[in-house]
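Everything below concerns the one structure shown next.
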Amino acid sequence: MTTLKLDQVSKLYRSTSRGGGLTPALRKVSFELKPGEVISLIGESGSGKTTIGKVLLRLVQPTSGTVTFDGKNIASYSGRGLKDYYRQVQGVFQDPFSSYNPVYRADRVYDLVRSSYFPNVSDREWSAKVEQALDAVALNPGDVLGKYPHQLSGGQQQRLLIARALLLDVKVLIADEIISMLDASTRVDVLNLLVKLKRQGLAILFITHDLSLGNYVSDRTIILRHGAIVEMGATQKIFGSPQHDYTKMLLTAVPELHKKWQHKPLSPDVASTNGAATAVASSNGKAATALAQVSLLDEITHTEQVVKRDLRAVFGGGRAVASGKSQVAMALEPPALHEFEPDHLVAEPE
Amino acid sequence: MSVSVDNLSVAYRSRRGDVTAVDSVSFSLADGEIMGLAGESGSGKSTLGNALVYLDTRMRATGGKVTVDGKNLPISDNNAMRHRRMTEVSLVPQYAMSALTPTRKIGKMINDLLRSHHVKDRQAVRTELNRRLELIGLKEDVLDKYSFELSGGMRQRVTIIMSSLLNPSLLVADEVTSALDVSTQRAVGEMLIEFRDRGYIKSGIAITHDLSILAQIADSIAIMYAGRLAERAPTSVIVDNPLHPYTQALLASLPEVGVRHDQVTLTGIPGRPPSLVNPPAGCRFRERCPFAFAKCTETPPFEEIKPGHMVACWKVSQEQAETAGTGLGLPLKEQV
């Protein structure tokens, strides 16, 4: 069993702007990714979803907590061990256009894999392997090999990169927003490809902000907000009976083809400065309109900045002060998760 | 009829000759109508929207006529257009998130805008501005902030407020919801509807590749493919009974909330749109179309199949002609 497991992973980013400041990007996130499983990691911008992907690929070091692969801490890998880790864990990212060097032909990414992982494989064996990988992603070798990136469509580029991961002995694929830049007509092909790979035993972490795409491919879903898990469990359960207010709000905001949003005209009288916020409060947490809800989100962004400022004070201009550590820990503490039903965890409201 | 576009063609100059990104497009907008313009990347939807407001130096109108409120809109004449922008036609540019200059405060930017458009009663506009800011839940102090101090959703809303401040007859909103989170997306969509309902904008064109957003905010939807309009109909008709094979395929490729891979397998559209440098003659979707036949090598006319429903497809026109006697135009899907 090659399980990738996150245990209480936190990440604090230090802001580079003047005065510094620390942003909690991940707050004690724990979950497991098993073979043959697709987990969608859903969150809005700034929720820390990409950071999780980066931590798993060792592009970012967690501030605290551990990531284990097959029971071994991935931070301990180096040299051969690290190379071996990348043989099994690979990532594909949002923007296929910037994943290639435009000066070289697109299939150069394959040559690089060959020179570092398969130096002893013969030409014939290698091209058979490439063809097999391309076949798995439903690409015709004649259409794509020898072409420059700009000659390929976004969908083709993205599938070439997935095929690149397949050349290796990949067990886990970190797919970070891999279809958000593709057109609707090619999006589905990539999604269906993920489903096919999953059936062959690949574990996939599907990072997205699009709930309908996440729902389409995944077995399990994790909803992330401000770096902490708010709801996690079987996809059907999360989408069928969302429990956390945030999940519910996300679901009502998703545009659907056959269901109109309930648009309530804004009343001109309520439009005092605090009107929107009080309207929300008066209906007991239920947002009157989406606009009011967003104003509330603006407020949250503001309180976040306050937290940041406090952290800065605690760290005294960047250096950790021993006595302040407990306060930082407080700011990092995520809302507690409790089990709503089997395989469905919900966080306490924050 | 507040806006009417007649046979508009727009070309980009390139070393390999002119690339006609918008090819003989005609449509009209009623007062109070928000039209959604959808299509794949490179279909010319942004070019069409931009051409109505600002032709930049790479673009050239190669034919056609645009009328707004019964008056001709001289889209090729930049000097004449200066006086028409903001008051008659206005644009919320793509990447509106980065459209605001980082070196000036929002309020200063709005002042500049009013001055350059020679607005006499600036105080009245400013009162109105504050009213609108309140309406959409922004505090007045955003005017004292720089754009980078605002969140993405706030920036997007500020841009829309600026573009619609002088109550234009036509507001072209290019991908205004694309870079936003779902909750903010919804707020911005509802803001457009609200502004239309209140008469701040007379009519609008919402350009996006996301059909499900258009299903929420648009009264009618036009589908564009490789520089031409493929289909145009009221939103409910496009969503429930599309006739053009491209629209049908596009809708079939959209996952909906609640649909999972083990229940329904969605399909994409094989192939890719033709290059617009020397595009093939005839219907441009024919290479990817499962129903293509001999006649498709000729360019299909964009004709009205039913009242308010325009389609450019030979197969649809033929079927329409056949069933014309009985008066039963079955949707294409059910016949095949």
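Ordered as shown in the structure tokens, chains take letters A, B, and onward, while each chain numbers its residues from 1 and ligands are numbered from 1 in the order shown.
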Open item on the list: Taking only C-alpha atoms into account and nothing else, which residues of chain B lie no more than 6 Å away from chain A? Please answer as a list in words.
Closed with: Glu40, Glu134, Leu135, Gly137, Asp181, Val182, Ser183, Arg186, Ala187, Ser212, Ile213, Ala215, Gln216, Leu250, Ser253, Glu256, Val257, Val259, Arg260, His261, Gly268 and Ile269 of chain B
Task: Filtered DSSP result for range 23-246 of chain A, state helix (DSSP H, G or I), as number ranges by chain - done: A: 49-56, 74-76, 80-88, 96-98, 108-117, 123-136, 141-144, 149-151, 154-167, 184-199, 211-217, 235-240, 245-246
TODO: Give the strand (DSSP E or B) residues of range 65-170 of chain A, as DSSP finds them on the backbone, and put them as a PyMOL selection string.
DONE: chain A and resi 65-69+72-73+89-92
Deliver the residues from the most recent selection as a file, using N, CA and C atoms, as an mmCIF file, in the first residue's frame.
data_model
loop_
_atom_site.group_PDB
_atom_site.id
_atom_site.type_symbol
_atom_site.label_atom_id
_atom_site.label_comp_id
_atom_site.auth_asym_id
_atom_site.auth_seq_id
_atom_site.Cartn_x
_atom_site.Cartn_y
_atom_site.Cartn_z
ATOM 1 N N GLY A 65 4.418 19.625 11.278
ATOM 2 C CA GLY A 65 3.683 18.479 10.767
ATOM 3 C C GLY A 65 4.515 17.668 9.798
ATOM 4 N N THR A 66 4.032 16.470 9.474
ATOM 5 C CA THR A 66 4.802 15.583 8.606
ATOM 6 C C THR A 66 3.961 15.041 7.464
ATOM 7 N N VAL A 67 4.651 14.738 6.375
ATOM 8 C CA VAL A 67 4.029 14.040 5.263
ATOM 9 C C VAL A 67 4.746 12.712 5.143
ATOM 10 N N THR A 68 4.000 11.607 5.160
ATOM 11 C CA THR A 68 4.648 10.317 5.018
ATOM 12 C C THR A 68 4.161 9.614 3.775
ATOM 13 N N PHE A 69 5.089 8.914 3.128
ATOM 14 C CA PHE A 69 4.779 8.127 1.952
ATOM 15 C C PHE A 69 5.224 6.708 2.276
ATOM 16 N N LYS A 72 7.111 6.522 5.443
ATOM 17 C CA LYS A 72 8.390 7.195 5.599
ATOM 18 C C LYS A 72 8.222 8.695 5.407
ATOM 19 N N ASN A 73 8.801 9.469 6.296
ATOM 20 C CA ASN A 73 8.680 10.919 6.210
ATOM 21 C C ASN A 73 9.362 11.422 4.936
ATOM 22 N N VAL A 89 5.715 9.984 -7.322
ATOM 23 C CA VAL A 89 4.785 11.085 -7.070
ATOM 24 C C VAL A 89 5.093 12.214 -8.040
ATOM 25 N N GLN A 90 4.120 12.568 -8.859
ATOM 26 C CA GLN A 90 4.353 13.592 -9.862
ATOM 27 C C GLN A 90 3.227 14.618 -9.854
ATOM 28 N N GLY A 91 3.537 15.795 -10.350
ATOM 29 C CA GLY A 91 2.526 16.848 -10.387
ATOM 30 C C GLY A 91 2.298 17.364 -11.793
ATOM 31 N N VAL A 92 1.072 17.808 -12.045
ATOM 32 C CA VAL A 92 0.741 18.514 -13.286
ATOM 33 C C VAL A 92 0.051 19.795 -12.848
#
Open item on the list: For Leu170 in chain B, find every residue with an atom within 6 Å (counting only C-alpha atoms), except residues of its own chain fewer than 2 positions away, and show them as a list of chain:residue names.
Closed with: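 Residues meeting the cut-off are B:Val89, B:Pro168, B:Ser203, B:Gly204.
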Residues near range 198-202 of chain A, anyone? I mean within 8 Å using only C-alpha atoms, not counting same-chain ones fewer than 3 positions away, as a PDB file with N, CA and C atoms, in the first residue's frame.
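The resulting around.pdb:
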ATOM      1  N   PRO A  35      -4.301   4.369  -2.861  1.00  0.00           N
ATOM      2  CA  PRO A  35      -4.244   4.008  -4.277  1.00  0.00           C
ATOM      3  C   PRO A  35      -5.651   3.840  -4.864  1.00  0.00           C
ATOM      4  N   GLY A  36      -5.796   4.203  -6.126  1.00  0.00           N
ATOM      5  CA  GLY A  36      -7.081   4.026  -6.797  1.00  0.00           C
ATOM      6  C   GLY A  36      -8.144   4.977  -6.311  1.00  0.00           C
ATOM      7  N   GLU A  37      -7.720   6.065  -5.673  1.00  0.00           N
ATOM      8  CA  GLU A  37      -8.687   6.988  -5.101  1.00  0.00           C
ATOM      9  C   GLU A  37      -8.458   8.392  -5.666  1.00  0.00           C
ATOM     10  N   VAL A  38      -9.551   9.053  -5.984  1.00  0.00           N
ATOM     11  CA  VAL A  38      -9.420  10.452  -6.380  1.00  0.00           C
ATOM     12  C   VAL A  38      -9.996  11.301  -5.262  1.00  0.00           C
ATOM     13  N   VAL A 170       4.539   6.050 -11.847  1.00  0.00           N
ATOM     14  CA  VAL A 170       3.834   6.969 -10.974  1.00  0.00           C
ATOM     15  C   VAL A 170       2.692   6.294 -10.204  1.00  0.00           C
ATOM     16  N   LYS A 171       2.636   6.592  -8.910  1.00  0.00           N
ATOM     17  CA  LYS A 171       1.589   6.034  -8.053  1.00  0.00           C
ATOM     18  C   LYS A 171       0.611   7.121  -7.615  1.00  0.00           C
ATOM     19  N   VAL A 172       1.154   8.344  -7.512  1.00  0.00           N
ATOM     20  CA  VAL A 172       0.326   9.456  -7.046  1.00  0.00           C
ATOM     21  C   VAL A 172       0.472  10.619  -8.014  1.00  0.00           C
ATOM     22  N   LEU A 173      -0.656  11.171  -8.427  1.00  0.00           N
ATOM     23  CA  LEU A 173      -0.622  12.323  -9.312  1.00  0.00           C
ATOM     24  C   LEU A 173      -1.255  13.508  -8.593  1.00  0.00           C
ATOM     25  N   LEU A 194      -8.564  11.060 -16.266  1.00  0.00           N
ATOM     26  CA  LEU A 194      -8.261  10.882 -14.848  1.00  0.00           C
ATOM     27  C   LEU A 194      -9.046   9.706 -14.277  1.00  0.00           C
ATOM     28  N   VAL A 195     -10.313   9.601 -14.682  1.00  0.00           N
ATOM     29  CA  VAL A 195     -11.141   8.491 -14.204  1.00  0.00           C
ATOM     30  C   VAL A 195     -10.538   7.159 -14.635  1.00  0.00           C
TER      31      VAL A 195
END
TODO: Find the spatial neighbours of range 337-341 of chain A, counting only C-alpha atoms, within a cut-off of 12 Å - ignore same-chain residues fewer than 4 positions away - and output them as an MDAnalysis selection string.
DONE: chainID A and resid 28:30 228:234 237:238 241:244 333 345:350
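Picture a line from CA of Thr267 in chain B to CA of Ser99 in chain A; it runs 26.1 Å.
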Task: Nearest to Gly46 in chain A by atom-to-atom distance, counting only C-alpha atoms, from B:Ile110, B:Ser151, B:Val119, B:Leu52 - done: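 Between B:Ile110, B:Ser151, B:Val119, B:Leu52, the residue approaching Gly46 in chain A most closely is B:Ser151.
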TODO: Identify which of the residues A:Asp111, A:Ile42, A:Ala165, A:Tyr148 lies closest to Thr247 in chain A, counting only C-alpha atoms when measuring atom-to-atom distances.
DONE: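 Nearest to Thr247 in chain A: A:Ile42.
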TODO: Find, counting only C-alpha atoms, the residue in B:Ser2, B:Ser317, B:Ser46, B:Gln263 that gets nearest to Thr67 in chain B.
DONE: B:Ser2
Open item on the list: Rounded to one decimal, what separation in Å do you get between CA of His344 in chain A and CA of Leu33 in chain A?
Closed with: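 Atom-to-atom, CA of His344 in chain A to CA of Leu33 in chain A, that is 15.5 Å.
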TODO: May I ask for the distance between CA of Leu160 in chain A and CA of Leu134 in chain A, given in Å to one decimal place?
DONE: 7.1 Å
- [ ] May I ask which of the residues B:Glu140, B:Glu194, B:Asp77, B:Asp210 is the closest one to Ala51 in chain B, counting only C-alpha atoms?
- [x]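 Once distances to Ala51 in chain B are computed over only C-alpha atoms, the minimum belongs to B:Asp77.
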Open item on the list: Need the shell around Glu149 in chain B: protein/DNA/RNA residues with any atom at most 10 Å away, counting only C-alpha atoms. Skip same-chain ones fewer than 5 positions apart. Format as a PyMOL selection string?
Closed with: chain B and resi 102+105+142+154-155
